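Single-structure report; data block below.
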There are 2 protein chains.
Amino acid sequence: MARPIAVVLLSGGMDSCVTAAIAAQDYVLALLHANYGQRTEQRELQAFHDIADHYSVPTELRLVLNQHHLAEIGGSALTDPSIAVLATDPVSTGIPATYVPFRNANLLAAAASWAEVLEAGAIFAGAVEEDSSGYPDCRRTFYDAFEAAIEAGTLPETHIRVITPVIGLRKAVIIQLGTELRAPLHLTWSCYLNQDLPCGRCDSCTHRAKGFKEVGIKDPLANRSN
Amino acid sequence: MARPIAVVLLSGGMDSCVTAAIAAQDYVLALLHANYGQRTEQRELQAFHDIADHYSVPTELRLVLNQHHLAEIGGSALTDPSIAVLATDPVSTGIPATYVPFRNANLLAAAASWAEVLEAGAIFAGAVEEDSSGYPDCRRTFYDAFEAAIEAGTLPETHIRVITPVIGLRKAVIIQLGTELRAPLHLTWSCYLNQDLPCGRCDSCTHRAKGFKEVGIKDPLANRSN
């Protein structure tokens, strides 16, 4: 029997790269990436294709979404140059200014449309509950609810699981897992601010550095840059 | 107290036009439209702006999405010229070839992102269960599930209802309701195939003609065309 297909949301960061490595053990990969007017759009797209090349994913199983309406809608430091990336919204519940409202639902909806056409059995998302600093669309309760929406809104014969294999893991554990699975962490990009050298100060850089430090290995990306 | 905002999905067809008319009774309208590579994309966009003009909706409360990934993904006669609009998929469960896989979830996700930024209290969608010939993403069970996903995946202070005011109505009743609310039905576009004159043969034209016949009034669009 042919291996089933899984649609994997691949931002180009470490979490989604390790998620792809996990999915690759049991599924044929169909990789989905979104350009949504984020500051590091070009660099993330490059990471996406580098990782896709690493896994020899053919062109017809790569899908790059234009989700620039998320930048047009605004409300996030990731897409609005007038909001500081390093700020935390003081009036809210401590959720960082980098939260893009309901972004992951936009990606999951597209993933589900594609999965239904490909007759894929699963969607993999690399969301991480703890390290994502409380983004509401990074919690498993959200993914459970979205899985139910997919079940309700697709054809009777369509059944798509939404799998978030690293959602409960700490960054250090994700790095360790990625290393064991030979995930190409050297091809990933995490920084929210820069496209040439990681800034080292944003939430995403900080979590990444802390993770590598805890594992006790050098970040292969830092090796490349220095 | 200022009137609350509602994001209304406005395709430019009759159902969404009447839905906008219903929403306009209690809410400030924020109108959302999607270009997704459908055959009649330009004509539907014109209908969207005509209806938005009718309700004096300012530019900043109109959002046109690029959802061309739905055409790229394929799987529907609405976006794939090689699939006939008038065919019904014989191997499936009688769902027409015009079904665009999980399309409405893509639109609802964008609507929810926008609604969260606008602090809107509701999203209105003009889905119709009976006339939509069994599209799975036109059933109230799907909208309930999606509303739960929005609740789970947005900020704690965000609460957005998904309202489908015409979902249980027959086309004739929708037309009657639209007439009572002075909805600009003469500005709508329903045909799946043509952009100049309605084809009169596709599912959407057939449902529209049947509805007007049952109400016993002339389609104002037919008056304009003939």
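All residue names refer to the structure tokens as shown: chains lettered A, B, ... in order, residues numbered from 1 in each chain, ligands numbered from 1 in order.
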Considering only C-alpha atoms, tabulate each residue of chain A that lies at most 7 Å from chain B along with its nearest interatomic pair and the corresponding distance in Å to one decimal; arrange the rows by chain and ascending residue number and present them as a Markdown table.
| residue | atom | partner | partner_atom | distance |
| --- | --- | --- | --- | --- |
| A:Leu65 | CA | B:His69 | CA | 6.1 |
| A:His69 | CA | B:Leu65 | CA | 6.1 |
| A:Ile73 | CA | B:Trp114 | CA | 5.7 |
| A:Gly75 | CA | B:Val117 | CA | 5.9 |
| A:Pro101 | CA | B:Ser113 | CA | 5.0 |
| A:Phe102 | CA | B:Ser113 | CA | 5.1 |
| A:Arg103 | CA | B:Ser113 | CA | 6.9 |
| A:Ala105 | CA | B:Ala109 | CA | 5.6 |
| A:Asn106 | CA | B:Ala109 | CA | 5.0 |
| A:Ala109 | CA | B:Asn106 | CA | 5.0 |
| A:Ala110 | CA | B:Asn106 | CA | 6.2 |
| A:Ala112 | CA | B:Phe102 | CA | 6.9 |
| A:Ser113 | CA | B:Pro101 | CA | 5.0 |
| A:Trp114 | CA | B:Ile73 | CA | 5.7 |
| A:Glu116 | CA | B:Pro101 | CA | 6.6 |
| A:Val117 | CA | B:Gly75 | CA | 5.9 |
| A:Pro136 | CA | B:Gly153 | CA | 4.9 |
| A:Asp137 | CA | B:Gly153 | CA | 4.2 |
| A:Thr141 | CA | B:Ala152 | CA | 6.3 |
| A:Phe142 | CA | B:Ala152 | CA | 4.8 |
| A:Ala145 | CA | B:Ala149 | CA | 4.7 |
| A:Phe146 | CA | B:Ala149 | CA | 5.3 |
| A:Ala148 | CA | B:Ala145 | CA | 6.3 |
| A:Ala149 | CA | B:Ala145 | CA | 4.7 |
| A:Ala152 | CA | B:Phe142 | CA | 4.8 |
| A:Gly153 | CA | B:Asp137 | CA | 4.2 |
| A:Thr154 | CA | B:Pro136 | CA | 5.3 |
| A:Leu155 | CA | B:Pro136 | CA | 5.9 |
Result of fitting chain B to chain A over every paired C-alpha, as a tab-separated table (two decimals) with C-alpha atoms, in the first residue's frame:
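Dumped to superposed.tsv:
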chain	number	residue	atom	x	y	z
B	1	MET	CA	-0.01	-0.02	-0.01
B	2	ALA	CA	1.29	3.43	-0.89
B	3	ARG	CA	2.32	5.65	2.00
B	4	PRO	CA	-0.31	8.24	2.90
B	5	ILE	CA	0.22	11.94	2.24
B	6	ALA	CA	0.47	14.55	4.98
B	7	VAL	CA	0.27	18.30	4.48
B	8	VAL	CA	2.92	19.90	6.72
B	9	LEU	CA	2.81	23.61	7.59
B	10	LEU	CA	6.44	24.63	7.14
B	11	SER	CA	7.30	28.18	8.18
B	12	GLY	CA	11.01	27.51	7.87
B	13	GLY	CA	11.62	27.73	11.62
B	14	MET	CA	12.98	24.96	13.83
B	15	ASP	CA	9.67	23.74	15.21
B	16	SER	CA	8.11	23.18	11.80
B	17	CYS	CA	11.34	21.66	10.47
B	18	VAL	CA	11.37	19.06	13.25
B	19	THR	CA	7.66	18.51	12.69
B	20	ALA	CA	8.40	17.77	9.01
B	21	ALA	CA	11.11	15.33	10.09
B	22	ILE	CA	8.59	13.54	12.31
B	23	ALA	CA	5.96	13.44	9.54
B	24	ALA	CA	8.51	12.14	7.03
B	25	GLN	CA	8.85	8.94	9.05
B	26	ASP	CA	5.33	7.80	8.12
B	27	TYR	CA	4.02	10.06	5.34
B	28	VAL	CA	4.79	11.44	1.91
B	29	LEU	CA	5.38	15.15	2.54
B	30	ALA	CA	3.26	17.89	0.98
B	31	LEU	CA	4.74	21.17	2.23
B	32	LEU	CA	2.77	24.37	2.68
B	33	HIS	CA	4.24	27.79	3.36
B	34	ALA	CA	2.65	31.21	3.75
B	35	ASN	CA	3.88	34.61	2.74
B	36	TYR	CA	1.84	37.04	4.79
B	37	GLY	CA	3.84	40.25	4.65
B	38	GLN	CA	5.93	39.30	7.65
B	39	ARG	CA	9.19	41.22	8.05
B	40	THR	CA	11.36	38.23	7.17
B	41	GLU	CA	9.17	36.91	4.35
B	42	GLN	CA	11.94	36.35	1.81
B	43	ARG	CA	14.29	34.67	4.26
B	44	GLU	CA	11.57	32.31	5.53
B	45	LEU	CA	10.60	31.39	1.98
B	46	GLN	CA	14.23	30.52	1.27
B	47	ALA	CA	14.35	28.33	4.37
B	48	PHE	CA	11.13	26.62	3.21
B	49	HIS	CA	12.59	25.72	-0.17
B	50	ASP	CA	15.95	24.70	1.35
B	51	ILE	CA	14.20	22.27	3.70
B	52	ALA	CA	11.90	21.03	0.90
B	53	ASP	CA	14.98	20.38	-1.25
B	54	HIS	CA	16.59	18.52	1.64
B	55	TYR	CA	13.59	16.15	1.74
B	56	SER	CA	13.43	15.93	-2.09
B	57	VAL	CA	9.84	17.19	-2.15
B	58	PRO	CA	8.75	17.69	-5.78
B	59	THR	CA	7.38	21.04	-6.96
B	60	GLU	CA	3.80	19.80	-7.17
B	61	LEU	CA	3.89	18.95	-3.47
B	62	ARG	CA	5.01	22.45	-2.45
B	63	LEU	CA	2.40	25.17	-2.06
B	64	VAL	CA	3.23	28.78	-1.23
B	65	LEU	CA	0.24	30.81	-0.10
B	66	ASN	CA	-0.24	34.50	-0.56
B	67	GLN	CA	-1.83	35.58	2.72
B	68	HIS	CA	-0.98	39.25	2.48
B	69	HIS	CA	-4.45	40.09	3.78
B	70	LEU	CA	-2.98	39.31	7.21
B	71	ALA	CA	-0.61	42.25	6.79
B	72	GLU	CA	-3.41	44.41	5.40
B	73	ILE	CA	-5.59	43.55	8.39
B	74	GLY	CA	-2.68	44.44	10.65
B	75	GLY	CA	-2.68	44.19	14.41
B	76	SER	CA	0.72	42.55	14.72
B	77	ALA	CA	4.33	43.64	15.03
B	78	LEU	CA	5.29	40.88	12.60
B	79	THR	CA	3.47	42.59	9.76
B	80	ASP	CA	3.17	46.22	10.86
B	81	PRO	CA	6.41	48.24	10.87
B	82	SER	CA	4.84	50.76	13.28
B	83	ILE	CA	4.54	48.16	16.08
B	84	ALA	CA	7.76	47.19	17.84
B	85	VAL	CA	8.65	43.47	17.71
B	86	LEU	CA	10.19	43.58	21.15
B	87	ALA	CA	7.17	45.11	22.89
B	88	THR	CA	4.55	43.21	24.87
B	89	ASP	CA	1.07	44.68	24.74
B	90	PRO	CA	0.60	46.01	28.28
B	91	VAL	CA	-3.19	46.31	28.18
B	92	SER	CA	-3.66	42.74	27.03
B	93	THR	CA	-3.03	39.53	28.88
B	94	GLY	CA	0.71	39.44	28.28
B	95	ILE	CA	0.43	38.12	24.74
B	96	PRO	CA	3.32	39.51	22.69
B	97	ALA	CA	2.93	42.17	20.01
B	98	THR	CA	4.10	39.57	17.50
B	99	TYR	CA	0.74	37.73	17.72
B	100	VAL	CA	-0.88	37.73	14.25
B	101	PRO	CA	-4.62	37.52	14.88
B	102	PHE	CA	-5.91	33.98	14.18
B	103	ARG	CA	-3.08	33.43	11.69
B	104	ASN	CA	-2.83	29.69	12.13
B	105	ALA	CA	-6.49	29.23	11.24
B	106	ASN	CA	-5.84	30.88	7.88
B	107	LEU	CA	-3.01	28.43	7.25
B	108	LEU	CA	-4.96	25.41	8.51
B	109	ALA	CA	-7.95	26.26	6.30
B	110	ALA	CA	-5.74	26.33	3.21
B	111	ALA	CA	-3.99	23.16	4.38
B	112	ALA	CA	-7.34	21.40	4.76
B	113	SER	CA	-8.50	22.48	1.28
B	114	TRP	CA	-5.28	21.10	-0.18
B	115	ALA	CA	-5.41	17.97	1.97
B	116	GLU	CA	-8.94	17.22	0.79
B	117	VAL	CA	-7.88	17.44	-2.88
B	118	LEU	CA	-4.72	15.38	-2.27
B	119	GLU	CA	-6.70	12.86	-0.21
B	120	ALA	CA	-4.15	13.37	2.54
B	121	GLY	CA	-4.84	11.77	5.88
B	122	ALA	CA	-3.26	14.38	8.11
B	123	ILE	CA	-2.12	17.95	8.56
B	124	PHE	CA	1.00	18.49	10.68
B	125	ALA	CA	1.54	21.81	12.43
B	126	GLY	CA	4.63	22.72	14.44
B	127	ALA	CA	2.90	24.82	17.05
B	128	VAL	CA	4.51	24.91	20.50
B	129	GLU	CA	2.34	25.85	23.43
B	130	GLU	CA	4.99	26.89	25.95
B	131	ASP	CA	7.55	28.65	23.81
B	132	SER	CA	4.98	30.53	21.77
B	133	SER	CA	4.39	32.82	24.73
B	134	GLY	CA	0.66	32.28	24.88
B	135	TYR	CA	-0.51	32.83	21.30
B	136	PRO	CA	-4.07	31.54	21.51
B	137	ASP	CA	-3.84	29.75	18.15
B	138	CYS	CA	-0.90	27.67	19.35
B	139	ARG	CA	-2.83	25.69	21.96
B	140	ARG	CA	-3.99	22.12	21.47
B	141	THR	CA	-7.57	23.11	22.37
B	142	PHE	CA	-7.56	25.27	19.24
B	143	TYR	CA	-6.24	22.46	17.04
B	144	ASP	CA	-8.85	20.07	18.43
B	145	ALA	CA	-11.57	22.60	17.63
B	146	PHE	CA	-10.21	23.14	14.14
B	147	GLU	CA	-10.02	19.39	13.50
B	148	ALA	CA	-13.72	19.19	14.40
B	149	ALA	CA	-14.45	22.07	11.99
B	150	ILE	CA	-12.64	20.20	9.20
B	151	GLU	CA	-14.67	17.08	9.94
B	152	ALA	CA	-17.89	19.09	9.81
B	153	GLY	CA	-17.02	21.12	6.72
B	154	THR	CA	-15.53	18.59	4.29
B	155	LEU	CA	-16.94	15.72	2.24
B	156	PRO	CA	-18.34	12.72	4.14
B	157	GLU	CA	-15.47	10.52	2.91
B	158	THR	CA	-12.81	13.05	4.01
B	159	HIS	CA	-11.18	12.50	7.40
B	160	ILE	CA	-8.17	14.63	8.20
B	161	ARG	CA	-6.33	14.53	11.52
B	162	VAL	CA	-4.57	17.65	12.73
B	163	ILE	CA	-1.34	16.50	14.36
B	164	THR	CA	0.83	18.78	16.50
B	165	PRO	CA	3.68	16.50	17.54
B	166	VAL	CA	5.84	19.08	19.33
B	167	ILE	CA	3.11	21.17	20.93
B	168	GLY	CA	3.88	20.05	24.48
B	169	LEU	CA	7.68	20.04	24.18
B	170	ARG	CA	10.25	22.54	25.38
B	171	LYS	CA	12.59	24.04	22.78
B	172	ALA	CA	15.55	22.04	24.08
B	173	VAL	CA	13.67	18.78	23.67
B	174	ILE	CA	12.60	19.77	20.14
B	175	ILE	CA	16.23	20.46	19.24
B	176	GLN	CA	17.31	17.12	20.67
B	177	LEU	CA	14.55	15.32	18.79
B	178	GLY	CA	15.45	17.15	15.58
B	179	THR	CA	19.08	16.15	15.98
B	180	GLU	CA	18.14	12.49	16.46
B	181	LEU	CA	15.91	12.59	13.35
B	182	ARG	CA	18.64	14.41	11.36
B	183	ALA	CA	16.32	17.34	10.71
B	184	PRO	CA	18.23	20.01	8.73
B	185	LEU	CA	18.29	22.59	11.52
B	186	HIS	CA	21.14	24.40	9.74
B	187	LEU	CA	18.65	25.34	7.00
B	188	THR	CA	16.04	26.87	9.33
B	189	TRP	CA	15.38	30.55	10.08
B	190	SER	CA	13.92	31.80	13.36
B	191	CYS	CA	14.58	35.53	13.68
B	192	TYR	CA	11.50	37.78	13.53
B	193	LEU	CA	13.50	40.90	12.64
B	194	ASN	CA	16.47	40.29	10.36
B	195	GLN	CA	17.00	38.38	7.16
B	196	ASP	CA	20.83	38.28	7.06
B	197	LEU	CA	22.07	37.63	10.59
B	198	PRO	CA	19.74	36.69	13.48
B	199	CYS	CA	19.14	39.70	15.75
B	200	GLY	CA	19.64	37.64	18.90
B	201	ARG	CA	17.12	39.75	20.82
B	202	CYS	CA	13.60	38.92	19.60
B	203	ASP	CA	11.47	36.28	21.35
B	204	SER	CA	12.21	33.75	18.67
B	205	CYS	CA	16.01	34.23	18.74
B	206	THR	CA	15.97	34.14	22.54
B	207	HIS	CA	14.02	30.88	22.69
B	208	ARG	CA	16.31	29.33	20.10
B	209	ALA	CA	19.53	30.33	21.88
B	210	LYS	CA	18.20	29.13	25.23
B	211	GLY	CA	17.26	25.79	23.69
B	212	PHE	CA	20.65	25.13	22.15
B	213	LYS	CA	22.39	26.22	25.36
B	214	GLU	CA	20.32	23.77	27.40
B	215	VAL	CA	21.08	20.88	25.03
B	216	GLY	CA	24.72	21.83	25.11
B	217	ILE	CA	25.33	21.97	21.38
B	218	LYS	CA	26.14	24.86	19.10
B	219	ASP	CA	23.44	26.32	16.87
B	220	PRO	CA	24.53	25.27	13.35
B	221	LEU	CA	23.10	28.53	12.05
B	222	ALA	CA	25.29	30.54	14.43
B	223	ASN	CA	28.27	28.53	13.21
B	224	ARG	CA	27.46	29.51	9.65
B	225	SER	CA	27.02	33.17	10.50
B	226	ASN	CA	30.08	33.72	12.68
Where does DSSP see helix (DSSP H, G or I) in stretch 19-196 of chain B, if you list the residues as an MDAnalysis selection string? chainID B and resid 19:24 41:54 59:61 69:73 103:118 136:138 140:153 171:180 185:187
To test your reading of the structure, identify every residue in stretch 54-217 of chain B that backbone DSSP assigns to strand (DSSP E), and report it as a PyMOL selection string. chain B and resi 62-66+122-124+161-163
